[in-house]
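One file, target09.cif, is given below (mmCIF, C-alpha atoms).
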data_target
loop_
_atom_site.label_atom_id
_atom_site.label_comp_id
_atom_site.auth_asym_id
_atom_site.auth_seq_id
_atom_site.Cartn_x
_atom_site.Cartn_y
_atom_site.Cartn_z
CA MET A 1 81.91 69.39 96.20
CA ASN A 2 81.22 72.91 94.90
CA SER A 3 77.54 73.87 95.10
CA GLY A 4 77.49 75.05 91.48
CA LEU A 5 78.96 71.76 90.26
CA ARG A 6 76.47 69.80 92.40
CA LYS A 7 73.60 71.79 90.92
CA GLU A 8 74.91 71.20 87.39
CA ILE A 9 75.09 67.43 87.96
CA ILE A 10 71.53 67.39 89.39
CA ASN A 11 70.25 69.32 86.34
CA LEU A 12 72.06 66.96 83.99
CA VAL A 13 70.61 63.85 85.71
CA ALA A 14 67.12 65.37 85.79
CA SER A 15 67.34 66.21 82.07
CA GLY A 16 68.45 62.66 81.29
CA LEU A 17 65.55 61.17 83.25
CA LEU A 18 63.08 63.50 81.56
CA ILE A 19 64.38 62.45 78.10
CA LEU A 20 64.07 58.78 79.03
CA ILE A 21 60.48 59.24 80.25
CA LEU A 22 59.48 61.16 77.13
CA GLY A 23 61.22 58.56 74.97
CA ARG A 24 59.26 55.74 76.59
CA LEU A 25 56.02 57.62 76.05
CA THR A 26 56.70 58.61 72.43
CA GLY A 27 58.91 55.73 71.29
CA TYR A 28 61.74 58.10 70.23
CA THR A 29 64.17 57.53 73.10
CA LEU A 30 67.37 57.44 70.98
CA GLU A 31 66.39 60.47 68.94
CA LEU A 32 65.60 62.49 72.06
CA LEU A 33 68.91 61.46 73.70
CA ILE A 34 70.87 62.57 70.59
CA ALA A 35 68.98 65.87 70.48
CA GLY A 36 69.56 66.48 74.20
CA LEU A 37 73.28 65.67 73.88
CA ALA A 38 73.59 67.98 70.88
CA GLY A 39 71.88 70.77 72.80
CA TRP A 40 74.15 70.24 75.83
CA ILE A 41 77.29 70.31 73.63
CA GLY A 42 76.04 73.44 71.85
CA TRP A 43 75.42 75.17 75.18
CA TYR A 44 78.97 74.36 76.38
CA LEU A 45 80.54 75.46 73.08
CA TYR A 46 78.63 78.73 73.26
CA ASN A 47 79.87 79.40 76.80
CA LEU A 48 83.44 78.36 75.92
CA THR A 49 83.41 80.87 73.06
CA LYS A 50 82.29 83.66 75.41
CA LEU A 51 84.93 82.59 77.95
CA ILE A 52 87.74 82.70 75.38
CA LYS A 53 86.68 86.18 74.25
CA TRP A 54 86.60 87.41 77.85
CA LEU A 55 89.98 85.86 78.68
CA ASP A 56 91.46 87.55 75.62
CA LYS A 57 90.34 90.97 76.93
CA PRO A 58 89.24 90.71 80.58
CA THR A 59 86.86 93.45 81.74
CA LYS A 60 84.76 94.16 84.78
CA GLN A 61 81.64 93.26 82.72
CA LEU A 62 81.22 89.50 83.15
CA PRO A 63 79.49 87.40 80.44
CA LYS A 64 75.90 86.52 81.31
CA SER A 65 75.22 82.83 81.82
CA ALA A 66 73.60 80.33 84.14
CA GLY A 67 74.53 77.35 86.25
CA ILE A 68 78.14 76.30 86.62
CA TRP A 69 79.22 78.75 83.94
CA ASP A 70 78.11 81.69 86.02
CA GLU A 71 80.12 80.30 88.95
CA LEU A 72 83.11 79.75 86.66
CA TYR A 73 83.01 83.34 85.37
CA TYR A 74 82.83 84.65 88.92
CA GLN A 75 85.85 82.58 90.10
CA LEU A 76 87.91 83.59 87.07
CA TYR A 77 87.07 87.22 87.65
CA GLN A 78 88.23 86.98 91.27
CA LEU A 79 91.45 85.35 90.10
CA TYR A 80 91.88 88.14 87.54
CA LEU A 81 91.47 90.76 90.27
CA ARG A 82 94.04 89.03 92.50
CA GLN A 83 96.53 88.78 89.65
CA ARG A 84 95.96 92.40 88.73
CA LYS A 85 96.59 93.42 92.32
CA ALA A 86 99.72 91.26 92.47
CA ARG A 87 101.01 92.73 89.19
CA LYS A 88 100.42 96.23 90.49
CA LYS A 89 102.28 95.41 93.70
CA LEU A 90 105.13 93.83 91.76
CA LYS A 91 105.30 96.84 89.45
CA ASN A 92 105.57 99.14 92.46
CA ILE A 93 108.42 97.01 93.82
CA VAL A 94 110.22 97.07 90.47
CA ASP A 95 109.68 100.82 90.17
CA ARG A 96 111.11 101.39 93.65
CA PHE A 97 114.06 99.12 92.86
CA GLN A 98 114.77 100.94 89.61
CA SER A 99 114.38 104.36 91.26
CA SER A 100 116.78 103.43 94.05
CA THR A 101 119.36 101.91 91.70
CA GLN A 102 119.10 104.91 89.38
CA ALA A 103 120.26 107.05 92.31
CA LEU A 104 123.27 104.84 93.03
CA PRO A 105 126.71 106.10 91.97
CA VAL A 106 127.56 102.45 91.23
CA ALA A 107 126.81 101.12 87.76
CA ALA A 108 124.15 98.37 87.84
CA ILE A 109 123.23 96.11 84.91
CA VAL A 110 120.64 93.32 85.05
CA LEU A 111 121.53 90.27 82.94
CA ASN A 112 119.50 87.19 82.02
CA LYS A 113 120.76 83.60 81.89
CA ASN A 114 122.19 84.21 78.41
CA ASP A 115 124.24 87.20 79.69
CA GLU A 116 121.97 89.57 77.76
CA ILE A 117 121.31 93.07 79.11
CA GLU A 118 117.77 93.53 80.42
CA TRP A 119 118.11 96.82 82.31
CA PHE A 120 120.73 99.31 83.49
CA ASN A 121 120.87 102.50 85.56
CA GLN A 122 122.17 105.97 84.73
CA ALA A 123 125.60 105.31 86.21
CA ALA A 124 125.99 102.35 83.82
CA GLU A 125 125.01 104.59 80.92
CA GLY A 126 127.84 106.95 81.79
CA ILE A 127 130.50 104.35 82.51
CA PHE A 128 129.76 101.94 79.64
CA ASP A 129 128.20 104.38 77.11
CA LEU A 130 124.97 102.35 77.05
CA GLN A 131 121.84 103.28 75.10
CA LYS A 132 118.51 101.58 75.80
CA ALA A 133 117.45 101.56 72.16
CA LYS A 134 120.40 99.52 70.92
CA ASP A 135 121.99 97.84 73.95
CA VAL A 136 119.04 96.20 75.75
CA GLY A 137 119.06 92.58 74.58
CA SER A 138 122.77 92.63 73.63
CA ARG A 139 125.22 90.23 75.25
CA ILE A 140 127.40 91.89 77.87
CA ASN A 141 130.61 90.29 76.58
CA LYS A 142 130.08 92.06 73.25
CA LEU A 143 130.13 95.34 75.15
CA ILE A 144 133.05 94.52 77.47
CA ARG A 145 135.63 92.83 75.25
CA GLN A 146 138.24 92.06 77.87
CA PRO A 147 139.85 88.59 78.31
CA VAL A 148 139.69 88.84 82.11
CA PHE A 149 135.96 89.60 81.96
CA THR A 150 135.27 86.90 79.35
CA ASN A 151 137.01 84.29 81.52
CA TYR A 152 135.03 85.56 84.52
CA LEU A 153 131.76 84.97 82.64
CA VAL A 154 132.80 81.56 81.34
CA ARG A 155 133.89 80.24 84.75
CA ARG A 156 130.61 81.39 86.38
CA GLU A 157 132.44 81.70 89.71
CA PHE A 158 131.00 85.03 90.80
CA LYS A 159 132.58 85.21 94.25
CA GLU A 160 135.37 87.73 93.85
CA THR A 161 135.64 91.23 92.45
CA ILE A 162 137.66 91.64 89.27
CA GLU A 163 139.39 94.80 88.05
CA LEU A 164 139.84 95.89 84.46
CA GLU A 165 140.37 99.03 82.40
CA PHE A 166 137.46 100.26 80.27
CA ASN A 167 137.19 103.60 78.46
CA HIS A 168 140.33 104.82 80.23
CA ARG A 169 138.80 104.03 83.61
CA GLN A 170 139.81 101.46 86.19
CA LEU A 171 136.70 99.50 87.18
CA ALA A 172 136.05 97.08 90.04
CA MET A 173 133.28 94.69 88.96
CA ILE A 174 131.32 91.81 90.47
CA ILE A 175 128.34 89.75 89.31
CA THR A 176 125.73 88.63 91.84
CA PRO A 177 123.22 85.86 90.96
CA TYR A 178 119.63 86.50 92.11
CA GLY A 179 116.07 85.46 91.32
CA HIS A 180 115.54 82.84 88.62
CA ASN A 181 118.59 82.76 86.35
CA GLN A 182 119.16 86.48 86.64
CA PHE A 183 122.36 88.31 87.47
CA LEU A 184 123.22 91.80 88.70
CA LEU A 185 126.50 93.23 87.45
CA THR A 186 127.80 96.14 89.53
CA ALA A 187 130.83 98.23 88.65
CA ARG A 188 132.62 100.98 90.58
CA ASP A 189 134.98 103.54 89.10
CA VAL A 190 138.13 103.14 91.21
CA THR A 191 140.40 105.17 88.93
CA GLN A 192 141.02 107.92 91.47
CA GLN A 193 141.55 105.42 94.27
CA ARG A 194 144.11 103.51 92.19
CA GLN A 195 145.87 106.76 91.27
CA LEU A 196 146.09 107.68 94.96
CA ASP A 197 147.42 104.19 95.74
CA ASP A 198 150.04 104.58 93.01
CA MET A 199 151.03 108.01 94.33
CA ARG A 200 151.33 106.65 97.87
CA ARG A 201 153.33 103.65 96.68
CA ASP A 202 155.65 105.81 94.57
CA PHE A 203 156.11 108.25 97.43
CA VAL A 204 157.01 105.48 99.88
CA ALA A 205 159.41 103.86 97.40
CA ASN A 206 161.08 107.15 96.41
CA ALA A 207 161.28 108.43 99.98
CA SER A 208 162.77 105.13 101.13
CA HIS A 209 165.38 105.20 98.38
CA GLU A 210 166.27 108.83 99.14
CA LEU A 211 166.63 108.13 102.86
CA ARG A 212 168.90 105.13 102.41
CA THR A 213 171.88 107.20 101.29
CA PRO A 214 171.99 109.64 104.23
CA LEU A 215 171.34 106.77 106.64
CA THR A 216 174.25 104.84 105.16
CA VAL A 217 176.49 107.90 105.59
CA ILE A 218 175.33 108.40 109.17
CA SER A 219 175.88 104.72 109.94
CA GLY A 220 179.41 104.88 108.52
CA PHE A 221 180.37 107.93 110.55
CA VAL A 222 178.84 106.51 113.73
CA GLU A 223 180.75 103.25 113.23
CA ALA A 224 183.99 105.17 112.76
CA LEU A 225 183.33 107.25 115.87
CA CYS A 226 182.62 104.11 117.88
CA GLU A 227 186.01 102.69 116.89
CA GLN A 228 187.91 105.90 117.61
CA GLY A 229 185.88 107.47 120.44
CA ASP A 230 186.54 107.08 124.14
CA SER A 231 184.39 105.15 126.59
CA ARG A 232 182.30 108.20 127.56
CA ILE A 233 180.58 108.47 124.20
CA LYS A 234 180.78 104.82 123.11
CA VAL A 235 177.47 103.77 124.71
CA PRO A 236 175.34 106.55 123.15
CA LEU A 237 177.07 106.00 119.80
CA GLU A 238 176.22 102.30 119.95
CA LYS A 239 172.57 103.20 120.60
CA ILE A 240 172.64 105.56 117.64
CA GLN A 241 174.15 102.79 115.53
CA ASN A 242 171.41 100.33 116.59
CA GLN A 243 168.63 102.77 115.76
CA THR A 244 170.25 103.59 112.42
CA GLU A 245 170.37 99.91 111.52
CA ARG A 246 166.73 99.57 112.55
CA MET A 247 165.75 102.50 110.33
CA GLN A 248 167.65 100.91 107.44
CA GLN A 249 165.71 97.67 108.00
CA ILE A 250 162.40 99.57 108.00
CA LEU A 251 163.34 101.28 104.74
CA ASP A 252 164.33 97.95 103.19
CA ASP A 253 160.97 96.45 104.17
CA LEU A 254 159.08 99.47 102.82
CA ILE A 255 160.91 99.14 99.50
CA ILE A 256 160.06 95.43 99.38
CA LEU A 257 156.38 96.21 100.00
CA ALA A 258 156.38 98.90 97.31
CA ARG A 259 157.89 96.46 94.82
CA LEU A 260 155.37 93.76 95.68
CA GLU A 261 152.50 96.21 95.21
CA SER A 262 153.79 97.66 91.95
CA LYS A 263 154.84 94.42 90.24
CA ALA A 264 152.32 92.21 88.49
CA SER A 265 151.48 88.96 90.28
CA PRO A 266 153.85 86.13 89.28
CA LEU A 267 152.67 83.70 86.66
CA LEU A 268 151.84 80.58 88.63
CA HIS A 269 153.35 78.05 86.24
CA ASP A 270 156.88 77.73 87.68
CA PRO A 271 157.11 74.87 90.22
CA VAL A 272 159.03 75.62 93.41
CA ASP A 273 160.57 72.70 95.35
CA LEU A 274 159.08 73.36 98.77
CA GLU A 275 161.22 70.82 100.60
CA GLU A 276 164.46 72.39 99.33
CA LEU A 277 163.15 75.89 100.07
CA ILE A 278 162.33 75.01 103.70
CA HIS A 279 165.81 73.57 104.19
CA GLN A 280 167.29 76.83 102.91
CA VAL A 281 165.10 78.84 105.30
CA TYR A 282 166.14 76.50 108.13
CA ASP A 283 169.86 77.00 107.43
CA ASP A 284 169.43 80.78 107.42
CA ALA A 285 167.38 80.63 110.65
CA VAL A 286 170.04 78.58 112.45
CA MET A 287 172.71 81.13 111.51
CA LEU A 288 170.47 84.00 112.68
CA ASP A 289 169.46 82.30 115.92
CA GLN A 290 173.01 81.36 117.02
CA GLY A 291 171.84 78.51 119.21
CA ARG A 292 169.34 80.42 121.36
CA HIS A 293 166.41 78.14 120.38
CA GLU A 294 165.76 74.59 119.35
CA ILE A 295 164.75 74.79 115.69
CA VAL A 296 163.55 71.62 113.99
CA ILE A 297 162.17 70.92 110.53
CA GLU A 298 159.92 68.15 109.23
CA THR A 299 159.63 68.15 105.45
CA MET A 300 158.03 66.00 102.78
CA PRO A 301 158.32 66.22 98.98
CA ALA A 302 155.94 68.90 97.69
CA SER A 303 155.85 71.64 95.08
CA ILE A 304 153.95 74.89 94.74
CA MET A 305 153.66 77.28 91.84
CA GLY A 306 155.11 80.77 92.03
CA ASN A 307 158.14 82.96 92.59
CA ARG A 308 160.81 81.25 94.69
CA VAL A 309 162.42 84.47 95.94
CA GLU A 310 159.11 85.88 97.19
CA LEU A 311 158.06 82.59 98.80
CA GLN A 312 161.39 82.23 100.61
CA MET A 313 161.08 85.83 101.84
CA ALA A 314 157.58 85.15 103.24
CA ILE A 315 158.50 81.94 105.07
CA THR A 316 161.73 83.52 106.36
CA ASN A 317 159.70 86.39 107.85
CA LEU A 318 157.49 83.89 109.71
CA VAL A 319 160.50 82.02 111.09
CA THR A 320 162.25 85.29 112.05
CA ASN A 321 159.15 86.41 113.96
CA ALA A 322 159.08 83.07 115.80
CA ILE A 323 162.73 83.50 116.79
CA ARG A 324 162.14 87.09 117.87
CA TYR A 325 159.12 86.38 120.11
CA THR A 326 160.05 82.99 121.57
CA PRO A 327 162.05 83.00 124.83
CA GLU A 328 165.51 81.44 124.79
CA ASN A 329 165.64 77.62 124.74
CA GLY A 330 162.13 77.59 123.27
CA LEU A 331 161.09 75.22 120.48
CA ILE A 332 160.39 76.34 116.89
CA ARG A 333 159.07 73.84 114.32
CA ILE A 334 159.02 74.34 110.56
CA PHE A 335 157.13 71.76 108.52
CA ASN A 336 155.03 71.22 105.43
CA ASN A 337 152.24 68.84 104.46
CA ILE A 338 149.80 68.25 101.61
CA ASP A 339 146.15 67.17 101.74
CA SER A 340 142.94 67.50 99.74
CA GLU A 341 142.68 71.16 100.76
CA GLY A 342 146.09 72.13 99.36
CA VAL A 343 149.77 72.47 100.27
CA HIS A 344 150.60 73.90 103.69
CA VAL A 345 153.74 75.40 105.23
CA SER A 346 153.60 75.89 109.00
CA VAL A 347 155.78 77.62 111.60
CA VAL A 348 154.95 76.70 115.21
CA ASP A 349 156.54 78.07 118.37
CA ASN A 350 155.98 77.84 122.11
CA GLY A 351 156.57 81.54 122.65
CA ILE A 352 154.58 84.33 124.28
CA GLY A 353 151.48 83.89 122.10
CA ILE A 354 148.99 86.50 120.91
CA MET A 355 145.70 87.69 122.38
CA PRO A 356 142.66 86.88 120.14
CA GLU A 357 141.74 90.55 119.58
CA HIS A 358 145.08 91.18 117.87
CA ILE A 359 145.09 88.28 115.40
CA GLY A 360 142.84 89.94 112.81
CA ARG A 361 145.16 92.97 112.55
CA LEU A 362 148.55 91.27 112.55
CA THR A 363 149.13 91.81 108.82
CA GLU A 364 148.49 95.58 108.99
CA ARG A 365 151.54 97.74 108.41
CA PHE A 366 153.29 98.82 111.60
CA TYR A 367 150.65 97.12 113.77
CA ARG A 368 152.26 95.91 116.96
CA VAL A 369 150.76 93.70 119.65
CA ASP A 370 153.25 95.13 122.18
CA PRO A 371 155.01 98.18 120.71
CA GLY A 372 157.65 98.38 123.42
CA ARG A 373 158.59 94.72 123.21
CA SER A 374 158.58 94.79 119.40
CA ARG A 375 161.09 97.62 119.31
CA GLU A 376 163.30 95.85 121.86
CA GLN A 377 163.28 92.74 119.68
CA GLY A 378 164.17 94.74 116.57
CA GLY A 379 160.92 94.24 114.68
CA THR A 380 159.83 96.70 112.00
CA GLY A 381 156.09 95.94 112.10
CA LEU A 382 156.18 95.14 108.37
CA GLY A 383 157.15 91.46 108.27
CA LEU A 384 153.63 90.01 108.32
CA ALA A 385 152.43 92.68 105.88
CA ILE A 386 155.08 91.38 103.46
CA VAL A 387 153.93 87.81 104.10
CA LYS A 388 150.32 88.72 103.32
CA HIS A 389 151.27 90.49 100.08
CA VAL A 390 153.35 87.54 98.90
CA LEU A 391 150.56 85.06 99.68
CA ASP A 392 147.94 87.26 97.99
CA ARG A 393 150.11 87.29 94.87
CA HIS A 394 150.18 83.48 94.95
CA ASN A 395 146.43 83.00 95.57
CA ALA A 396 147.29 81.70 99.04
CA THR A 397 146.10 82.59 102.54
CA LEU A 398 147.64 82.98 106.00
CA TYR A 399 146.06 81.13 108.91
CA VAL A 400 146.99 82.17 112.47
CA LYS A 401 146.17 80.36 115.69
CA SER A 402 147.63 81.42 119.02
CA THR A 403 147.20 80.91 122.74
CA PRO A 404 148.74 83.52 125.08
CA GLY A 405 151.56 82.01 127.08
CA GLU A 406 151.61 78.79 125.05
CA GLY A 407 152.69 79.74 121.54
CA SER A 408 151.50 80.38 118.00
CA LEU A 409 150.87 78.65 114.67
CA PHE A 410 151.36 80.54 111.40
CA ARG A 411 150.33 78.48 108.36
CA CYS A 412 150.54 79.36 104.67
CA ASP A 413 147.81 77.57 102.67
CA PHE A 414 148.48 77.14 98.94
CA GLU A 415 146.14 75.74 96.29
CA LEU A 416 146.85 72.43 94.61
CA PHE A 417 147.85 72.77 90.98
CA GLU A 418 146.26 70.57 88.30
CA GLU A 419 148.72 67.66 88.44
CA GLN A 420 148.42 67.46 92.23
CA LYS A 421 144.61 67.50 91.96
CA LYS A 422 144.75 64.58 89.51
CA GLU A 423 147.09 62.64 91.80
CA LYS A 424 144.76 63.20 94.77
CA ALA A 425 141.74 62.17 92.72
CA ALA A 426 143.53 59.00 91.60
#
For the file at hand, write its structure as structure tokens.
Amino acid sequence: MNSGLRKEIINLVASGLLILILGRLTGYTLELLIAGLAGWIGWYLYNLTKLIKWLDKPTKQLPKSAGIWDELYYQLYQLYLRQRKARKKLKNIVDRFQSSTQALPVAAIVLNKNDEIEWFNQAAEGIFDLQKAKDVGSRINKLIRQPVFTNYLVRREFKETIELEFNHRQLAMIITPYGHNQFLLTARDVTQQRQLDDMRRDFVANASHELRTPLTVISGFVEALCEQGDSRIKVPLEKIQNQTERMQQILDDLIILARLESKASPLLHDPVDLEELIHQVYDDAVMLDQGRHEIVIETMPASIMGNRVELQMAITNLVTNAIRYTPENGLIRIFNNIDSEGVHVSVVDNGIGIMPEHIGRLTERFYRVDPGRSREQGGTGLGLAIVKHVLDRHNATLYVKSTPGEGSLFRCDFELFEEQKKEKAA
């Protein structure tokens, strides 16, 4: 027990005993008890009044009192000093945070749980035309009136970056939850980057188109020379013909990539019969393979949403790669399945396999695990890049698992659409 409280209790008991003794001597016990109680209540009310006044405007000058009240004032003053020190420390942290974020080239806006603006840095002022006097306290969706951003706020799934156009700028934005029901919105101006991407994409597409015509002419002349030439020049002409065809295939793949990058993502509301699509890919693969491998399919009824032509192109690329890098008489399996995680299309082979350090870079353009072998097999180095672009456009992912010398698994993972989710839940 606190010493001040113990002393207060002792004083109270001693006062009570004194009143009782005096009451017995004078015969006014009740009157003295009432007077003592009234005095005690008055003393406490007087000290409570001083305490309230001090709490309203705390100062270093403590109210004068005695007993437990003096101890109480002292403890409250110590608490006041600790809080003042903590507030000062917190203010320094906030000041440093604001100073550092003011220097950032990235726009930063602090939002509360109601999506109202609490603070923003100078970059945000420039990008969003913000003014502290009128915009602090306003809802962010009144400032950014874009359907994609409104849906982003409503869903509250702040995991991915979204892009939108605002004030003739292309912005990449993401919201990060922090603290207690607070959110940090950051936005980067990616206008120049997107313009450079568009220029690169247009250059690749235009250059590819321009090169196709002379390559076609060269291929035609080389083919004619092969038919009419003698045996001395036939072998080099055939090599020229093979390289010309390979260049044409590279140009075709580059044009496909440019189209995938320039076109808007397909609206994912058209169902694609996956079982029928896999059978079509299988028939094409058998014709391409010409009996060099054992190709088997295992299908089950399933549908995914998207563009059938793009999806067939992606799966065909995976099967073509399996044919290209699996030794003759090897086994290639094409199958699909559906579970709670989504719809899956897999291509498995028992070919040469891939070292672990290469798997993360397989979808890069022109990346080759073994450049020499890839060229011998006729690969362009663009097939898996096309697969990745198609899957990205369908909100799907590519999973790769491989063991050198044993084979590889390439699996396309698609999300379940609403009807499939309901069926699984049922």
* Asked: Quick one: distance from CA of Asn181 (chain A) to CA of Lys113 (chain A) in Å, one decimal?
  -> 5.0 Å
Applied to this file, what does the PyMOL selection byres ((chain A and resi 73) around 12) return in terms of residues, put as a PDB file with C-alpha atoms, in the coordinates of the input?
ATOM      1  CA  GLY A   4      77.490  75.050  91.480  1.00  0.00           C
ATOM      2  CA  ASN A  47      79.870  79.400  76.800  1.00  0.00           C
ATOM      3  CA  LEU A  48      83.440  78.360  75.920  1.00  0.00           C
ATOM      4  CA  LYS A  50      82.290  83.660  75.410  1.00  0.00           C
ATOM      5  CA  LEU A  51      84.930  82.590  77.950  1.00  0.00           C
ATOM      6  CA  ILE A  52      87.740  82.700  75.380  1.00  0.00           C
ATOM      7  CA  TRP A  54      86.600  87.410  77.850  1.00  0.00           C
ATOM      8  CA  LEU A  55      89.980  85.860  78.680  1.00  0.00           C
ATOM      9  CA  PRO A  58      89.240  90.710  80.580  1.00  0.00           C
ATOM     10  CA  THR A  59      86.860  93.450  81.740  1.00  0.00           C
ATOM     11  CA  LYS A  60      84.760  94.160  84.780  1.00  0.00           C
ATOM     12  CA  GLN A  61      81.640  93.260  82.720  1.00  0.00           C
ATOM     13  CA  LEU A  62      81.220  89.500  83.150  1.00  0.00           C
ATOM     14  CA  PRO A  63      79.490  87.400  80.440  1.00  0.00           C
ATOM     15  CA  LYS A  64      75.900  86.520  81.310  1.00  0.00           C
ATOM     16  CA  SER A  65      75.220  82.830  81.820  1.00  0.00           C
ATOM     17  CA  ALA A  66      73.600  80.330  84.140  1.00  0.00           C
ATOM     18  CA  GLY A  67      74.530  77.350  86.250  1.00  0.00           C
ATOM     19  CA  ILE A  68      78.140  76.300  86.620  1.00  0.00           C
ATOM     20  CA  TRP A  69      79.220  78.750  83.940  1.00  0.00           C
ATOM     21  CA  ASP A  70      78.110  81.690  86.020  1.00  0.00           C
ATOM     22  CA  GLU A  71      80.120  80.300  88.950  1.00  0.00           C
ATOM     23  CA  LEU A  72      83.110  79.750  86.660  1.00  0.00           C
ATOM     24  CA  TYR A  74      82.830  84.650  88.920  1.00  0.00           C
ATOM     25  CA  GLN A  75      85.850  82.580  90.100  1.00  0.00           C
ATOM     26  CA  LEU A  76      87.910  83.590  87.070  1.00  0.00           C
ATOM     27  CA  TYR A  77      87.070  87.220  87.650  1.00  0.00           C
ATOM     28  CA  GLN A  78      88.230  86.980  91.270  1.00  0.00           C
ATOM     29  CA  LEU A  79      91.450  85.350  90.100  1.00  0.00           C
ATOM     30  CA  TYR A  80      91.880  88.140  87.540  1.00  0.00           C
TER      31      TYR A  80
END
* Structure fact -> Nearest to Lys263 (chain A), restricted to all atoms listed in the file and choosing among A:His279, A:Lys159, A:His389, A:His180, comes out as A:His389
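Compared by their closest atoms to Leu184 (chain A), and using only C-alpha atoms, the residues A:Phe221, A:Phe158, A:Tyr44, A:Tyr28 rank with A:Phe158 nearest.
Residues matching the PyMOL selection byres ((chain A and resi 328) around 12) in this structure come to Asp289, Gln290, Gly291, Arg292, His293, Glu294, Ile295, Ala322, Ile323, Arg324, Tyr325, Thr326, Pro327, Asn329, Gly330, Leu331, Ile332, Asp349, Asn350, Gly351 and Ile352 of chain A.
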Next, the residues of the selection above should be written as an mmCIF file, in the coordinates of the input with C-alpha atoms.
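Saved to again16.cif:
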data_model
loop_
_atom_site.group_PDB
_atom_site.id
_atom_site.type_symbol
_atom_site.label_atom_id
_atom_site.label_comp_id
_atom_site.auth_asym_id
_atom_site.auth_seq_id
_atom_site.Cartn_x
_atom_site.Cartn_y
_atom_site.Cartn_z
ATOM 1 C CA ASP A 289 169.460 82.300 115.920
ATOM 2 C CA GLN A 290 173.010 81.360 117.020
ATOM 3 C CA GLY A 291 171.840 78.510 119.210
ATOM 4 C CA ARG A 292 169.340 80.420 121.360
ATOM 5 C CA HIS A 293 166.410 78.140 120.380
ATOM 6 C CA GLU A 294 165.760 74.590 119.350
ATOM 7 C CA ILE A 295 164.750 74.790 115.690
ATOM 8 C CA ALA A 322 159.080 83.070 115.800
ATOM 9 C CA ILE A 323 162.730 83.500 116.790
ATOM 10 C CA ARG A 324 162.140 87.090 117.870
ATOM 11 C CA TYR A 325 159.120 86.380 120.110
ATOM 12 C CA THR A 326 160.050 82.990 121.570
ATOM 13 C CA PRO A 327 162.050 83.000 124.830
ATOM 14 C CA ASN A 329 165.640 77.620 124.740
ATOM 15 C CA GLY A 330 162.130 77.590 123.270
ATOM 16 C CA LEU A 331 161.090 75.220 120.480
ATOM 17 C CA ILE A 332 160.390 76.340 116.890
ATOM 18 C CA ASP A 349 156.540 78.070 118.370
ATOM 19 C CA ASN A 350 155.980 77.840 122.110
ATOM 20 C CA GLY A 351 156.570 81.540 122.650
ATOM 21 C CA ILE A 352 154.580 84.330 124.280
#
* To do: Kindly resolve the PyMOL selection byres ((chain A and resi 176) around 10) on the present coordinates and return the residues as a PyMOL selection string.
  => chain A and resi 110-111+157-160+174-175+177-178+182-186
Using all atoms listed in the file, which protein or nucleic acid residues come within 10 Å of Gly137 (chain A)? Drop anything in the same chain fewer than 6 positions from it, and give the result as an mmCIF file with C-alpha atoms, in the coordinates of the input.
data_model
loop_
_atom_site.group_PDB
_atom_site.id
_atom_site.type_symbol
_atom_site.label_atom_id
_atom_site.label_comp_id
_atom_site.auth_asym_id
_atom_site.auth_seq_id
_atom_site.Cartn_x
_atom_site.Cartn_y
_atom_site.Cartn_z
ATOM 1 C CA LEU A 111 121.530 90.270 82.940
ATOM 2 C CA ASN A 112 119.500 87.190 82.020
ATOM 3 C CA ASN A 114 122.190 84.210 78.410
ATOM 4 C CA ASP A 115 124.240 87.200 79.690
ATOM 5 C CA GLU A 116 121.970 89.570 77.760
ATOM 6 C CA ILE A 117 121.310 93.070 79.110
ATOM 7 C CA GLU A 118 117.770 93.530 80.420
ATOM 8 C CA TRP A 119 118.110 96.820 82.310
#
* Skipping near chain neighbours, those fewer than 5 positions away, what residues fall within 8 Å of region 228-241 of chain A using all atoms listed in the file, listed as a ChimeraX atom specification? -> /A:219,222-223
Selected residues written out with C-alpha atoms, as a PDB file, in the frame of the given file:
ATOM      1  CA  SER A 219     175.880 104.720 109.940  1.00  0.00           C
ATOM      2  CA  VAL A 222     178.840 106.510 113.730  1.00  0.00           C
ATOM      3  CA  GLU A 223     180.750 103.250 113.230  1.00  0.00           C
TER       4      GLU A 223
END
* Pick out the residues sitting within 12 Å of Ile19 (chain A), and hand them over as a ChimeraX atom specification; count all atoms listed in the file, and ignore anything fewer than 4 positions along from it in its own chain. => /A:12-15,23-37
Now that the selection is made, can you save its residues with C-alpha atoms as a tab-separated table (two decimals), in the frame of the given file?
chain	number	residue	atom	x	y	z
A	12	LEU	CA	72.06	66.96	83.99
A	13	VAL	CA	70.61	63.85	85.71
A	14	ALA	CA	67.12	65.37	85.79
A	15	SER	CA	67.34	66.21	82.07
A	23	GLY	CA	61.22	58.56	74.97
A	24	ARG	CA	59.26	55.74	76.59
A	25	LEU	CA	56.02	57.62	76.05
A	26	THR	CA	56.70	58.61	72.43
A	27	GLY	CA	58.91	55.73	71.29
A	28	TYR	CA	61.74	58.10	70.23
A	29	THR	CA	64.17	57.53	73.10
A	30	LEU	CA	67.37	57.44	70.98
A	31	GLU	CA	66.39	60.47	68.94
A	32	LEU	CA	65.60	62.49	72.06
A	33	LEU	CA	68.91	61.46	73.70
A	34	ILE	CA	70.87	62.57	70.59
A	35	ALA	CA	68.98	65.87	70.48
A	36	GLY	CA	69.56	66.48	74.20
A	37	LEU	CA	73.28	65.67	73.88
* To do: Please indicate the distance in Å from CA of Thr161 (chain A) to CA of Phe414 (chain A), rounded to one decimal place.
  => 20.1 Å
* Separation of CA of Gly16 (chain A) and CA of Trp43 (chain A), in Å? -> 15.6 Å
